[in-house]
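Novice: If it helps, the file is called my_file-v7.txt and holds compact mmCIF, C-alpha atoms and all ligand atoms:
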```txt
# COMPACT_ATOMS: atom_id res chain seq x y z
CA MET K 1272 0.00 0.00 0.00
CA VAL K 1273 1.26 3.50 -0.80
CA LEU K 1274 0.68 5.85 2.14
CA SER K 1275 0.49 9.61 1.77
CA SER K 1276 2.46 11.78 4.23
CA ALA K 1277 -0.85 12.47 6.00
CA GLN K 1278 -1.37 8.79 6.84
CA THR K 1279 0.24 6.18 8.96
CA GLU K 1280 -0.19 2.43 9.10
CA LEU K 1281 -1.33 0.79 12.31
CA GLY K 1282 -1.58 -2.99 11.91
CA ASP K 1283 -3.90 -3.42 8.97
CA LYS K 1284 -5.63 -0.08 9.64
CA THR K 1285 -4.63 3.15 7.96
CA ILE K 1286 -5.17 6.19 10.14
CA ARG K 1287 -4.88 9.85 9.37
CA LYS K 1288 -2.09 11.75 11.05
CA ARG K 1289 -3.13 14.34 13.64
CA VAL K 1290 -2.57 18.07 13.50
CA PHE K 1291 -2.97 20.36 16.51
CA SER K 1292 -2.51 24.09 16.75
CA GLY K 1293 -3.72 26.87 19.02
CA VAL K 1294 -4.16 30.63 18.91
CA GLN K 1295 -4.60 32.96 21.89
CA PRO K 1296 -7.65 35.22 21.94
CA SER K 1297 -5.51 37.96 23.41
CA GLY K 1298 -5.88 40.63 20.75
CA SER K 1299 -6.89 41.16 17.16
CA LEU K 1300 -5.21 38.68 14.88
CA HIS K 1301 -2.71 40.17 12.45
CA ILE K 1302 -1.22 39.07 9.14
CA GLY K 1303 1.70 37.45 10.99
CA ASN K 1304 -0.79 35.11 12.72
CA TYR K 1305 -2.50 34.62 9.36
CA LEU K 1306 0.63 33.78 7.34
CA GLY K 1307 2.36 31.84 10.12
CA ALA K 1308 -0.68 29.90 11.34
CA ILE K 1309 -4.43 30.38 10.72
CA GLY K 1310 -4.17 30.95 6.96
CA ARG K 1311 -2.44 27.55 6.76
CA PHE K 1312 -4.81 25.62 9.03
CA ALA K 1313 -7.23 24.76 6.24
CA LEU K 1314 -4.42 23.24 4.14
CA PHE K 1315 -4.36 20.24 6.46
CA GLN K 1316 -8.08 19.56 6.84
CA GLU K 1317 -8.43 17.31 3.80
CA GLY K 1318 -5.68 14.80 4.58
CA TYR K 1319 -5.16 15.09 8.34
CA ASP K 1320 -7.30 14.71 11.46
CA CYS K 1321 -7.18 18.32 12.67
CA PHE K 1322 -7.71 19.95 16.07
CA TYR K 1323 -7.58 23.72 16.34
CA SER K 1324 -8.10 25.42 19.66
CA VAL K 1325 -8.72 28.95 20.89
CA VAL K 1326 -6.39 28.85 23.87
CA ASP K 1327 -8.09 31.13 26.39
CA LEU K 1328 -6.28 29.54 29.39
CA HIS K 1329 -3.03 30.76 27.86
CA ALA K 1330 -4.50 34.25 27.46
CA ILE K 1331 -5.18 34.64 31.20
CA THR K 1332 -1.47 34.32 32.03
CA VAL K 1333 -1.56 38.13 31.60
CA PRO K 1334 -4.43 40.35 32.81
CA GLN K 1335 -7.57 40.26 30.62
CA ASP K 1336 -10.91 42.01 30.78
CA PRO K 1337 -13.38 39.10 31.33
CA VAL K 1338 -16.09 40.48 29.02
CA GLU K 1339 -13.59 41.25 26.27
CA LEU K 1340 -11.89 37.86 26.66
CA ARG K 1341 -15.16 36.00 26.17
CA LYS K 1342 -15.96 38.06 23.05
CA ARG K 1343 -12.50 37.62 21.58
CA THR K 1344 -12.62 33.87 22.17
CA VAL K 1345 -15.70 33.53 19.96
CA ALA K 1346 -14.31 36.04 17.46
CA THR K 1347 -11.07 34.06 17.15
CA ALA K 1348 -12.99 30.84 16.46
CA ALA K 1349 -15.03 32.71 13.84
CA LEU K 1350 -11.79 33.81 12.19
CA PHE K 1351 -10.61 30.18 12.00
CA VAL K 1352 -13.72 29.37 9.97
CA ALA K 1353 -13.58 32.62 7.98
CA ALA K 1354 -9.98 31.76 7.02
CA GLY K 1355 -11.17 28.50 5.46
CA LEU K 1356 -11.60 25.88 8.17
CA ASP K 1357 -14.61 23.63 7.69
CA PRO K 1358 -16.05 22.52 11.06
CA ALA K 1359 -17.28 19.33 9.41
CA LYS K 1360 -13.67 18.41 8.65
CA ALA K 1361 -11.68 19.93 11.53
CA CYS K 1362 -12.42 19.99 15.25
CA ILE K 1363 -12.57 23.61 16.46
CA PHE K 1364 -12.89 24.16 20.20
CA VAL K 1365 -12.13 26.43 23.14
CA GLN K 1366 -9.35 25.18 25.42
CA SER K 1367 -11.13 25.99 28.71
CA ASP K 1368 -14.20 23.99 27.61
CA ASN K 1369 -12.07 20.87 27.94
CA PRO K 1370 -10.80 20.22 31.50
CA SER K 1371 -8.20 17.68 30.29
CA HIS K 1372 -5.88 20.53 29.27
CA SER K 1373 -5.38 21.95 32.77
CA GLU K 1374 -5.30 18.47 34.25
CA LEU K 1375 -2.49 17.21 32.02
CA ALA K 1376 -0.67 20.54 32.39
CA TRP K 1377 -0.39 19.92 36.14
CA VAL K 1378 0.99 16.41 35.67
CA LEU K 1379 3.52 17.72 33.14
CA GLN K 1380 4.53 20.55 35.49
CA CYS K 1381 5.69 17.75 37.75
CA VAL K 1382 7.87 16.43 34.91
CA ALA K 1383 9.22 19.76 33.60
CA THR K 1384 12.06 21.44 35.46
CA PHE K 1385 12.35 24.98 36.71
CA GLY K 1386 15.64 25.33 34.82
CA GLU K 1387 14.27 24.40 31.41
CA LEU K 1388 11.26 26.69 31.78
CA GLY K 1389 13.59 29.53 32.76
CA ARG K 1390 15.36 29.12 29.42
CA MET K 1391 12.23 29.81 27.35
CA THR K 1392 12.96 32.96 25.35
CA GLN K 1393 9.30 33.95 25.08
CA PHE K 1394 8.99 33.96 28.87
CA LYS K 1395 12.14 36.06 29.16
CA ASP K 1396 10.80 38.54 26.56
CA LYS K 1397 7.39 38.81 28.19
CA ALA K 1398 8.79 39.11 31.72
CA ARG K 1399 11.48 41.67 30.84
CA GLY K 1400 11.01 44.98 32.65
CA LYS K 1401 7.92 43.76 34.59
CA LYS K 1402 7.88 44.14 38.38
CA SER K 1403 5.78 41.02 38.78
CA VAL K 1404 4.75 38.17 36.47
CA THR K 1405 2.32 35.33 37.15
CA ALA K 1406 3.43 31.76 37.81
CA GLY K 1407 1.11 30.90 34.89
CA LEU K 1408 3.26 32.91 32.50
CA PHE K 1409 6.25 30.87 33.63
CA THR K 1410 4.52 27.49 33.21
CA TYR K 1411 2.72 28.58 30.01
CA PRO K 1412 4.83 26.28 27.74
CA VAL K 1413 3.81 23.25 29.82
CA LEU K 1414 0.13 23.98 29.18
CA MET K 1415 1.01 24.20 25.49
CA ALA K 1416 2.74 20.80 25.73
CA ALA K 1417 -0.43 19.40 27.33
CA ASP K 1418 -2.56 20.80 24.47
CA ILE K 1419 -0.42 19.01 21.92
CA LEU K 1420 0.23 15.72 23.72
CA LEU K 1421 -3.41 15.03 24.65
CA TYR K 1422 -4.29 14.31 21.02
CA ASP K 1423 -1.37 12.10 19.92
CA THR K 1424 -0.43 14.94 17.62
CA ASP K 1425 1.97 14.28 14.75
CA VAL K 1426 2.31 17.79 13.34
CA VAL K 1427 2.07 21.28 14.91
CA PRO K 1428 1.79 24.11 12.36
CA VAL K 1429 3.09 27.28 14.04
CA GLY K 1430 5.16 30.40 13.42
CA GLU K 1431 8.85 30.43 14.25
CA ASP K 1432 8.34 31.98 17.71
CA GLN K 1433 6.70 28.75 18.93
CA LYS K 1434 9.53 26.43 17.83
CA GLN K 1435 11.21 26.36 21.24
CA HIS K 1436 7.88 25.50 22.91
CA VAL K 1437 7.33 22.56 20.56
CA GLU K 1438 10.87 21.39 21.27
CA LEU K 1439 10.10 21.49 25.01
CA THR K 1440 6.92 19.50 24.28
CA ARG K 1441 9.05 16.84 22.57
CA ASP K 1442 11.44 16.71 25.54
CA LEU K 1443 8.58 16.37 28.03
CA ALA K 1444 6.94 13.61 25.97
CA GLU K 1445 10.20 11.67 25.77
CA ARG K 1446 10.92 12.12 29.48
CA PHE K 1447 7.43 11.03 30.49
CA ASN K 1448 7.56 8.02 28.14
CA LYS K 1449 10.90 6.95 29.57
CA ARG K 1450 9.74 7.32 33.15
CA PHE K 1451 6.25 5.85 32.91
CA GLY K 1452 6.20 3.81 29.67
CA VAL K 1453 5.22 4.94 26.17
CA THR K 1454 2.17 7.19 26.48
CA PHE K 1455 2.70 10.20 24.23
CA LYS K 1456 3.52 10.63 20.57
CA VAL K 1457 6.50 12.91 19.99
CA PRO K 1458 5.26 15.73 17.70
CA GLU K 1459 7.03 17.70 14.97
CA PRO K 1460 6.73 21.48 14.53
CA LEU K 1461 5.82 22.64 11.02
CA ILE K 1462 7.13 26.13 10.41
CA PRO K 1463 6.73 27.74 6.97
CA THR K 1464 10.03 28.46 5.21
CA GLN K 1465 8.61 31.85 4.22
CA GLY K 1466 6.25 33.74 6.54
CA GLY K 1467 7.22 31.98 9.77
CA ARG K 1468 8.32 35.32 11.21
CA ILE K 1469 6.59 38.41 9.83
CA MET K 1470 8.15 41.57 11.21
CA SER K 1471 6.64 44.79 12.60
CA LEU K 1472 5.85 47.53 10.05
CA THR K 1473 7.28 50.20 12.35
CA ASN K 1474 10.35 48.33 13.60
CA PRO K 1475 11.52 45.52 11.29
CA SER K 1476 13.92 44.16 13.90
CA ARG K 1477 10.91 43.07 16.02
CA LYS K 1478 8.28 40.50 15.07
CA MET K 1479 4.76 41.67 14.30
CA SER K 1480 2.88 41.20 17.55
CA LYS K 1481 -0.63 41.53 19.00
CA SER K 1482 0.83 43.09 22.13
CA ASP K 1483 2.84 45.88 20.44
CA GLU K 1484 1.50 49.20 21.84
CA ASP K 1485 1.65 50.78 18.39
CA PRO K 1486 -1.34 49.50 16.35
CA ASP K 1487 0.35 50.80 13.17
CA SER K 1488 3.03 48.12 13.62
CA ARG K 1489 0.61 45.44 12.40
CA ILE K 1490 -2.04 44.88 9.74
CA GLU K 1491 -5.00 43.20 11.37
CA VAL K 1492 -6.88 40.55 9.44
CA LEU K 1493 -10.11 42.54 9.89
CA ASP K 1494 -8.66 45.96 9.01
CA PRO K 1495 -10.71 47.70 6.29
CA PRO K 1496 -8.88 48.42 2.98
CA GLU K 1497 -8.31 52.15 3.78
CA GLU K 1498 -6.63 51.22 7.05
CA ILE K 1499 -4.45 48.63 5.33
CA ALA K 1500 -3.40 51.26 2.74
CA ARG K 1501 -2.67 53.85 5.46
CA LYS K 1502 -0.54 51.45 7.53
CA PHE K 1503 1.51 50.20 4.57
CA LYS K 1504 2.03 53.80 3.39
CA LYS K 1505 3.34 54.70 6.84
CA ALA K 1506 5.47 51.52 7.16
CA VAL K 1507 9.17 52.24 7.58
CA THR K 1508 11.42 51.53 4.61
CA ASP K 1509 15.18 51.35 4.19
CA SER K 1510 17.55 53.78 2.53
CA GLY K 1511 17.61 53.80 -1.30
CA ARG K 1512 14.50 53.16 -3.41
CA GLU K 1513 15.11 49.72 -4.95
CA VAL K 1514 12.68 46.90 -4.20
CA VAL K 1515 15.24 44.14 -3.53
CA TYR K 1516 15.24 41.26 -1.04
CA ASP K 1517 18.13 41.60 1.37
CA PRO K 1518 17.08 40.90 4.98
CA GLU K 1519 20.49 42.01 6.32
CA LYS K 1520 20.80 45.37 4.58
CA LYS K 1521 17.13 46.04 3.81
CA PRO K 1522 15.09 44.40 6.59
CA ALA K 1523 12.02 46.63 6.18
CA ILE K 1524 11.57 46.24 2.42
CA SER K 1525 12.45 42.52 2.63
CA ASN K 1526 9.63 42.03 5.15
CA LEU K 1527 7.18 43.86 2.87
CA MET K 1528 8.36 41.77 -0.09
CA THR K 1529 7.75 38.57 1.90
CA ILE K 1530 4.21 39.73 2.66
CA TYR K 1531 3.67 40.66 -1.00
CA SER K 1532 5.03 37.32 -2.20
CA LEU K 1533 2.86 35.26 0.18
CA PHE K 1534 -0.36 37.16 -0.52
CA SER K 1535 0.16 37.29 -4.30
CA GLY K 1536 1.67 33.83 -4.83
CA LYS K 1537 4.55 35.46 -6.77
CA SER K 1538 8.17 34.57 -6.02
CA LEU K 1539 10.50 37.18 -4.48
CA GLU K 1540 12.35 37.41 -7.83
CA GLU K 1541 9.10 38.10 -9.68
CA VAL K 1542 8.23 40.82 -7.16
CA ARG K 1543 11.69 42.39 -7.54
CA ASP K 1544 11.48 42.33 -11.36
CA ALA K 1545 7.96 43.80 -11.39
CA TYR K 1546 9.10 46.86 -9.40
CA GLU K 1547 12.49 47.49 -10.95
CA GLY K 1548 13.00 51.25 -11.20
CA LYS K 1549 9.53 52.03 -9.78
CA GLY K 1550 10.41 52.92 -6.18
CA TYR K 1551 8.79 52.19 -2.85
CA GLY K 1552 5.60 54.27 -3.29
CA VAL K 1553 4.06 52.24 -6.14
CA PHE K 1554 5.17 48.98 -4.52
CA LYS K 1555 3.49 49.85 -1.21
CA SER K 1556 0.23 50.93 -2.77
CA ASP K 1557 0.03 47.72 -4.88
CA LEU K 1558 0.90 45.67 -1.78
CA ALA K 1559 -1.98 47.28 0.15
CA GLU K 1560 -4.40 46.45 -2.65
CA ILE K 1561 -3.27 42.80 -2.89
CA VAL K 1562 -3.50 42.24 0.87
CA ALA K 1563 -6.90 43.97 1.18
CA GLU K 1564 -8.30 41.97 -1.74
CA LYS K 1565 -7.02 38.65 -0.36
CA LEU K 1566 -8.49 39.37 3.09
CA ARG K 1567 -11.82 40.63 1.75
CA PRO K 1568 -13.56 37.20 1.69
CA VAL K 1569 -12.20 36.47 5.19
CA ARG K 1570 -13.70 39.76 6.49
CA GLU K 1571 -17.02 39.06 4.78
CA LYS K 1572 -17.30 35.49 6.03
CA TYR K 1573 -16.34 36.64 9.53
CA SER K 1574 -19.17 39.23 9.65
CA GLN K 1575 -21.67 36.68 8.42
CA LEU K 1576 -20.57 34.13 11.05
CA MET K 1577 -20.65 36.64 13.88
CA SER K 1578 -24.18 37.76 13.02
CA SER K 1579 -25.54 34.22 12.53
CA GLY K 1580 -24.43 32.90 15.93
CA GLU K 1581 -23.50 29.53 14.41
CA ILE K 1582 -20.06 29.57 16.05
CA GLU K 1583 -21.54 28.59 19.43
CA ASP K 1584 -22.84 25.36 17.99
CA ILE K 1585 -19.53 24.63 16.24
CA LEU K 1586 -17.64 25.17 19.52
CA LYS K 1587 -19.99 22.97 21.52
CA LYS K 1588 -19.60 20.05 19.10
CA GLY K 1589 -15.85 20.70 18.94
CA ALA K 1590 -15.51 20.57 22.74
CA GLU K 1591 -17.42 17.27 22.89
CA ARG K 1592 -15.20 15.63 20.28
CA ALA K 1593 -12.00 17.02 21.83
CA TYR K 1594 -13.02 15.79 25.30
CA GLU K 1595 -13.86 12.32 24.02
CA ILE K 1596 -10.29 11.88 22.81
CA SER K 1597 -8.42 13.77 25.51
CA SER K 1598 -10.26 12.15 28.42
CA ALA K 1599 -9.17 8.69 27.22
CA LYS K 1600 -5.58 9.93 27.13
CA MET K 1601 -5.99 11.44 30.60
CA ARG K 1602 -7.20 8.11 31.99
CA GLU K 1603 -4.10 6.44 30.59
CA VAL K 1604 -1.84 9.14 32.08
CA LYS K 1605 -3.41 8.80 35.55
CA GLU K 1606 -3.06 5.06 35.42
CA LYS K 1607 0.62 5.29 34.49
CA VAL K 1608 1.45 7.91 37.13
CA GLY K 1609 -0.44 6.16 39.93
CA LEU K 1610 -3.28 8.66 40.35
CA CYS K 1611 -6.73 7.42 41.25
CA SER K 1612 -9.80 7.76 39.03
CA ARG K 1613 -12.74 6.79 41.20
CA LEU K 1614 -15.17 8.93 39.24
CA ARG K 1615 -15.67 7.90 35.61
CA LEU K 1616 -15.84 11.42 34.13
P1 LIG P 1 -0.13 33.17 19.39
O1 LIG P 1 -1.57 33.29 19.75
O2 LIG P 1 0.81 34.18 19.90
O3 LIG P 1 0.02 33.15 17.82
C1 LIG P 1 -0.76 32.29 17.01
C2 LIG P 1 0.09 31.76 15.88
O4 LIG P 1 0.61 32.84 15.09
C3 LIG P 1 2.03 32.68 14.94
N1 LIG P 1 2.64 34.02 14.88
C4 LIG P 1 3.38 34.47 13.85
N2 LIG P 1 3.75 33.88 12.70
C5 LIG P 1 4.50 34.63 11.85
N3 LIG P 1 4.90 35.90 12.11
C6 LIG P 1 4.55 36.52 13.26
N4 LIG P 1 4.93 37.77 13.50
C7 LIG P 1 3.76 35.79 14.19
N5 LIG P 1 3.23 36.10 15.40
C8 LIG P 1 2.55 35.00 15.80
C9 LIG P 1 2.45 31.93 16.19
O5 LIG P 1 3.69 31.29 16.00
C10 LIG P 1 1.32 30.96 16.36
O6 LIG P 1 1.49 29.82 15.54
N6 LIG P 1 1.60 29.59 22.41
C11 LIG P 1 0.86 29.84 21.20
C12 LIG P 1 -0.54 29.29 21.23
C13 LIG P 1 -0.65 27.83 21.57
C14 LIG P 1 -0.33 26.75 20.72
C15 LIG P 1 -0.64 25.58 21.45
C16 LIG P 1 0.19 26.66 19.42
C17 LIG P 1 -1.09 27.33 22.74
N7 LIG P 1 -1.10 25.98 22.65
C18 LIG P 1 -0.44 24.31 20.92
C19 LIG P 1 0.37 25.38 18.90
C20 LIG P 1 0.06 24.24 19.62
C21 LIG P 1 0.76 31.34 20.99
O7 LIG P 1 0.87 32.11 21.90
O8 LIG P 1 0.40 31.71 19.74
```
Would you give me this structure, written as structure tokens?
Specialist:
Amino acid sequence: MVLSSAQTELGDKTIRKRVFSGVQPSGSLHIGNYLGAIGRFALFQEGYDCFYSVVDLHAITVPQDPVELRKRTVATAALFVAAGLDPAKACIFVQSDNPSHSELAWVLQCVATFGELGRMTQFKDKARGKKSVTAGLFTYPVLMAADILLYDTDVVPVGEDQKQHVELTRDLAERFNKRFGVTFKVPEPLIPTQGGRIMSLTNPSRKMSKSDEDPDSRIEVLDPPEEIARKFKKAVTDSGREVVYDPEKKPAISNLMTIYSLFSGKSLEEVRDAYEGKGYGVFKSDLAEIVAEKLRPVREKYSQLMSSGEIEDILKKGAERAYEISSAKMREVKEKVGLCSRLRL
């Protein structure tokens, strides 16, 4: 039998490989999130068994307004669907709807070490300059490991900033398996070669981020076309006027070229050739048009979903399916570790 890369053979049964990824509902999603993650989610839904979660437990590691958080959680799930996910093919659910996530996170916190968590660069970045940070922010990567390991995940599509967390997940899975017997599958991160790290429009040495105080540093997926045009027009550029890809010497224009290339489907060479001798102005205004046009159907589908209320039903079904799988894994974990399960939840 010839197996595709999305399948694996188990005895005489062929099963689809699993994909898991998560997105925090901690702000408006931007084109970095879109190119690095959610815009790619739908690519896997045909061949793989997919689980995509709105990870609200991760969001509360920093202060959140409860009303806003609840709204953003539903809005983020709506964006998953608006970006092309079909709830009949992929399981879409909210992390806090499924108690297995916090439960496994605790067990894995007793496997992870203080030293390895202290080496997480995202924690160091987020904690820098703060007088006080929550213990949850420190153990955040362990909750992420729990998300992934509960579903026997094979592949984790993420942006580059999550690579270290997936590597920690692999280490924890291997350590647990060695200590308690094989329980978890060891997952692989899947980071796009282009678009895995989209940079800020106002400071190309920093990644585009939901938490940047300057909203002009990012294009949000739901920004209207005029806003997209204004932000790209204002985006910093490098000296000179040539549209050439050189991340070392021209980080700002190289970032814009990457965005252009990914939204238009043209190679970086084609983009360079198309703008030879034309300067930054024409390039930026065409870029704004391409991005706005590509995001238009996503915006439209999002509005329709938010007004129909159908997301609630999708999330309820998603939580039921996710729990069915994760609770079986949790039973196995408790058994292996020596914890009691007197209630059959
Ligand atoms: P989050 O919510 O910060 O980001 C969601 C996804 O977007 C990617 N991303 C980017 N990609 C390219 N360029 C950028 N500038 C950029 N900024 C963000 C992120 O890499 C991510 O894929 N810890 C995760 C959420 C999470 C998770 C998981 C992911 C929790 N559990 C399990 C995968 C599997 C996070 O904070 O992503």
Novice: With all atoms listed in the file as the atoms that count, which of K:Arg1289, K:Arg1489, K:Lys1360, K:Arg1450 lies nearest to ligand LIG 1 (chain P)?
Specialist: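 Once distances to ligand LIG 1 (chain P) are computed over all atoms listed in the file, the minimum belongs to K:Arg1489.
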Novice: Neighbours of Lys1572 in chain K within 9 Å (all atoms listed in the file; same-chain residues fewer than 6 positions away dropped), as an NGL selection string?
Specialist: :K and (1349-1350 or 1352-1354)
Novice: Taking into account all atoms listed in the file, which residue in the set K:Ile1585, K:Met1470, K:Val1382, K:Leu1375 is nearest to ligand LIG 1 (chain P)?
Specialist: K:Met1470
Novice: Quick one: distance from CA of Val1290 in chain K to atom C17 of ligand LIG 1 (chain P) in Å, one decimal?
Specialist: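 Distance reported for this atom pair: 13.2 Å.
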Novice: Hey, which of K:Gly1452, K:Pro1475, K:Gly1467, K:Gly1386 ends up closest to Asn1526 in chain K? Count all atoms listed in the file.
Specialist: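 Under the stated criterion, the closest residue is K:Pro1475.
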Novice: Using all atoms listed in the file, determine which residues lie at most 10 Å from range 1307-1313 of chain K, disregarding the query and same-chain residues fewer than 6 positions distant; provide the list as a ChimeraX atom specification.
Specialist: /K:1290-1294,1300,1321-1323,1347,1350-1357,1360-1361,1427-1432,1461-1469,1569
Novice: Write out, as an mmCIF file, in the frame of the given file, the residues just selected, with C-alpha atoms.
Specialist:
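Final file, out02.cif:
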```
data_model
loop_
_atom_site.group_PDB
_atom_site.id
_atom_site.type_symbol
_atom_site.label_atom_id
_atom_site.label_comp_id
_atom_site.auth_asym_id
_atom_site.auth_seq_id
_atom_site.Cartn_x
_atom_site.Cartn_y
_atom_site.Cartn_z
ATOM 1 C CA VAL K 1290 -2.570 18.070 13.500
ATOM 2 C CA PHE K 1291 -2.970 20.360 16.510
ATOM 3 C CA SER K 1292 -2.510 24.090 16.750
ATOM 4 C CA GLY K 1293 -3.720 26.870 19.020
ATOM 5 C CA VAL K 1294 -4.160 30.630 18.910
ATOM 6 C CA LEU K 1300 -5.210 38.680 14.880
ATOM 7 C CA CYS K 1321 -7.180 18.320 12.670
ATOM 8 C CA PHE K 1322 -7.710 19.950 16.070
ATOM 9 C CA TYR K 1323 -7.580 23.720 16.340
ATOM 10 C CA THR K 1347 -11.070 34.060 17.150
ATOM 11 C CA LEU K 1350 -11.790 33.810 12.190
ATOM 12 C CA PHE K 1351 -10.610 30.180 12.000
ATOM 13 C CA VAL K 1352 -13.720 29.370 9.970
ATOM 14 C CA ALA K 1353 -13.580 32.620 7.980
ATOM 15 C CA ALA K 1354 -9.980 31.760 7.020
ATOM 16 C CA GLY K 1355 -11.170 28.500 5.460
ATOM 17 C CA LEU K 1356 -11.600 25.880 8.170
ATOM 18 C CA ASP K 1357 -14.610 23.630 7.690
ATOM 19 C CA LYS K 1360 -13.670 18.410 8.650
ATOM 20 C CA ALA K 1361 -11.680 19.930 11.530
ATOM 21 C CA VAL K 1427 2.070 21.280 14.910
ATOM 22 C CA PRO K 1428 1.790 24.110 12.360
ATOM 23 C CA VAL K 1429 3.090 27.280 14.040
ATOM 24 C CA GLY K 1430 5.160 30.400 13.420
ATOM 25 C CA GLU K 1431 8.850 30.430 14.250
ATOM 26 C CA ASP K 1432 8.340 31.980 17.710
ATOM 27 C CA LEU K 1461 5.820 22.640 11.020
ATOM 28 C CA ILE K 1462 7.130 26.130 10.410
ATOM 29 C CA PRO K 1463 6.730 27.740 6.970
ATOM 30 C CA THR K 1464 10.030 28.460 5.210
ATOM 31 C CA GLN K 1465 8.610 31.850 4.220
ATOM 32 C CA GLY K 1466 6.250 33.740 6.540
ATOM 33 C CA GLY K 1467 7.220 31.980 9.770
ATOM 34 C CA ARG K 1468 8.320 35.320 11.210
ATOM 35 C CA ILE K 1469 6.590 38.410 9.830
ATOM 36 C CA VAL K 1569 -12.200 36.470 5.190
#
```
Novice: Tell me which protein, DNA and RNA residues are within 12 Å of Thr1405 in chain K, counting all atoms listed in the file, leaving out same-chain ones fewer than 4 positions away, and put them as a PyMOL selection string.
Specialist: chain K and resi 1329-1334+1394+1397-1398+1401+1409-1411
Novice: Please write the residues from the selection above to a file, keeping C-alpha atoms, as a PDB file, in the frame of the given file.
Specialist:
```
ATOM      1  CA  HIS K1329      -3.030  30.760  27.860  1.00  0.00           C
ATOM      2  CA  ALA K1330      -4.500  34.250  27.460  1.00  0.00           C
ATOM      3  CA  ILE K1331      -5.180  34.640  31.200  1.00  0.00           C
ATOM      4  CA  THR K1332      -1.470  34.320  32.030  1.00  0.00           C
ATOM      5  CA  VAL K1333      -1.560  38.130  31.600  1.00  0.00           C
ATOM      6  CA  PRO K1334      -4.430  40.350  32.810  1.00  0.00           C
ATOM      7  CA  PHE K1394       8.990  33.960  28.870  1.00  0.00           C
ATOM      8  CA  LYS K1397       7.390  38.810  28.190  1.00  0.00           C
ATOM      9  CA  ALA K1398       8.790  39.110  31.720  1.00  0.00           C
ATOM     10  CA  LYS K1401       7.920  43.760  34.590  1.00  0.00           C
ATOM     11  CA  PHE K1409       6.250  30.870  33.630  1.00  0.00           C
ATOM     12  CA  THR K1410       4.520  27.490  33.210  1.00  0.00           C
ATOM     13  CA  TYR K1411       2.720  28.580  30.010  1.00  0.00           C
TER      14      TYR K1411
END
```
Novice: If you take every atom of ligand LIG 1 (chain P) that the file lists and fit an axis-aligned box around them with 5 Å extra on each side, what centre and edge lengths come out in Å to one decimal, as lines of an AutoDock Vina configuration file?
Specialist:
```
center_x = 1.7
center_y = 31.0
center_z = 17.3
size_x = 16.5
size_y = 23.5
size_z = 20.9
```
Novice: Would you pick out the contacts of Ile1302 in chain K at 7 Å or less, using all atoms listed in the file, so that residues sharing its chain but fewer than 3 positions from it are not included, and give the list as a list in words?
Specialist: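 My list of contacting residues is Tyr1305, Leu1306, Ile1490, Glu1491 and Val1492 of chain K.
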Novice: Keeping only C-alpha atoms, take the residues you just selected and write them out as a PDB file, in the coordinates of the input.
Specialist:
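Saved as selection-v2.pdb:
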```
ATOM      1  CA  TYR K1305      -2.500  34.620   9.360  1.00  0.00           C
ATOM      2  CA  LEU K1306       0.630  33.780   7.340  1.00  0.00           C
ATOM      3  CA  ILE K1490      -2.040  44.880   9.740  1.00  0.00           C
ATOM      4  CA  GLU K1491      -5.000  43.200  11.370  1.00  0.00           C
ATOM      5  CA  VAL K1492      -6.880  40.550   9.440  1.00  0.00           C
TER       6      VAL K1492
END
```
Novice: So the first atom is CA of Ala1523 in chain K and the second is atom N4 of ligand LIG 1 (chain P); what is the distance between them in Å, to one decimal place?
Specialist: 13.5 Å
Novice: Using only C-alpha atoms for the distances, tell me which of K:Arg1477, K:Ala1348, K:Asp1368, K:Met1391 is nearest to Tyr1573 in chain K.
Specialist: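 Of all the options, K:Ala1348 lies closest to Tyr1573 in chain K.
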Novice: Expressed in Å to a single decimal, how great is the separation between CA of Glu1541 in chain K and CA of Ile1499 in chain K?
Specialist: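 Between these atoms lies a distance of 22.8 Å.
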Novice: Write out as an NGL selection string the residues lying within 9 Å of Ala1346 in chain K, counting all atoms listed in the file and excluding same-chain residues fewer than 6 positions away.
Specialist: :K and (1296 or 1573 or 1577 or 1582)
Novice: Choose the residue, out of K:Gln1433, K:Ser1535, K:Thr1424, K:Ser1476, that has the smallest atom-to-atom separation from ligand LIG 1 (chain P); count all atoms listed in the file.
Specialist: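 Going through K:Gln1433, K:Ser1535, K:Thr1424, K:Ser1476 one by one, the smallest distance to ligand LIG 1 (chain P) is for K:Gln1433.
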Novice: Which residue gives the smallest distance to ligand LIG 1 (chain P) among K:Ser1525, K:Ser1471, K:Gln1380, K:Thr1508, with all atoms listed in the file counted?
Specialist: K:Ser1471
Novice: Which protein, DNA or RNA residues have an atom at most 7 Å from (5.8, 16.0, 14.7), counting all atoms listed in the file? List them as a list in words.
Specialist: Thr1424, Asp1425, Val1426, Val1427, Val1457, Pro1458, Glu1459 and Pro1460 of chain K
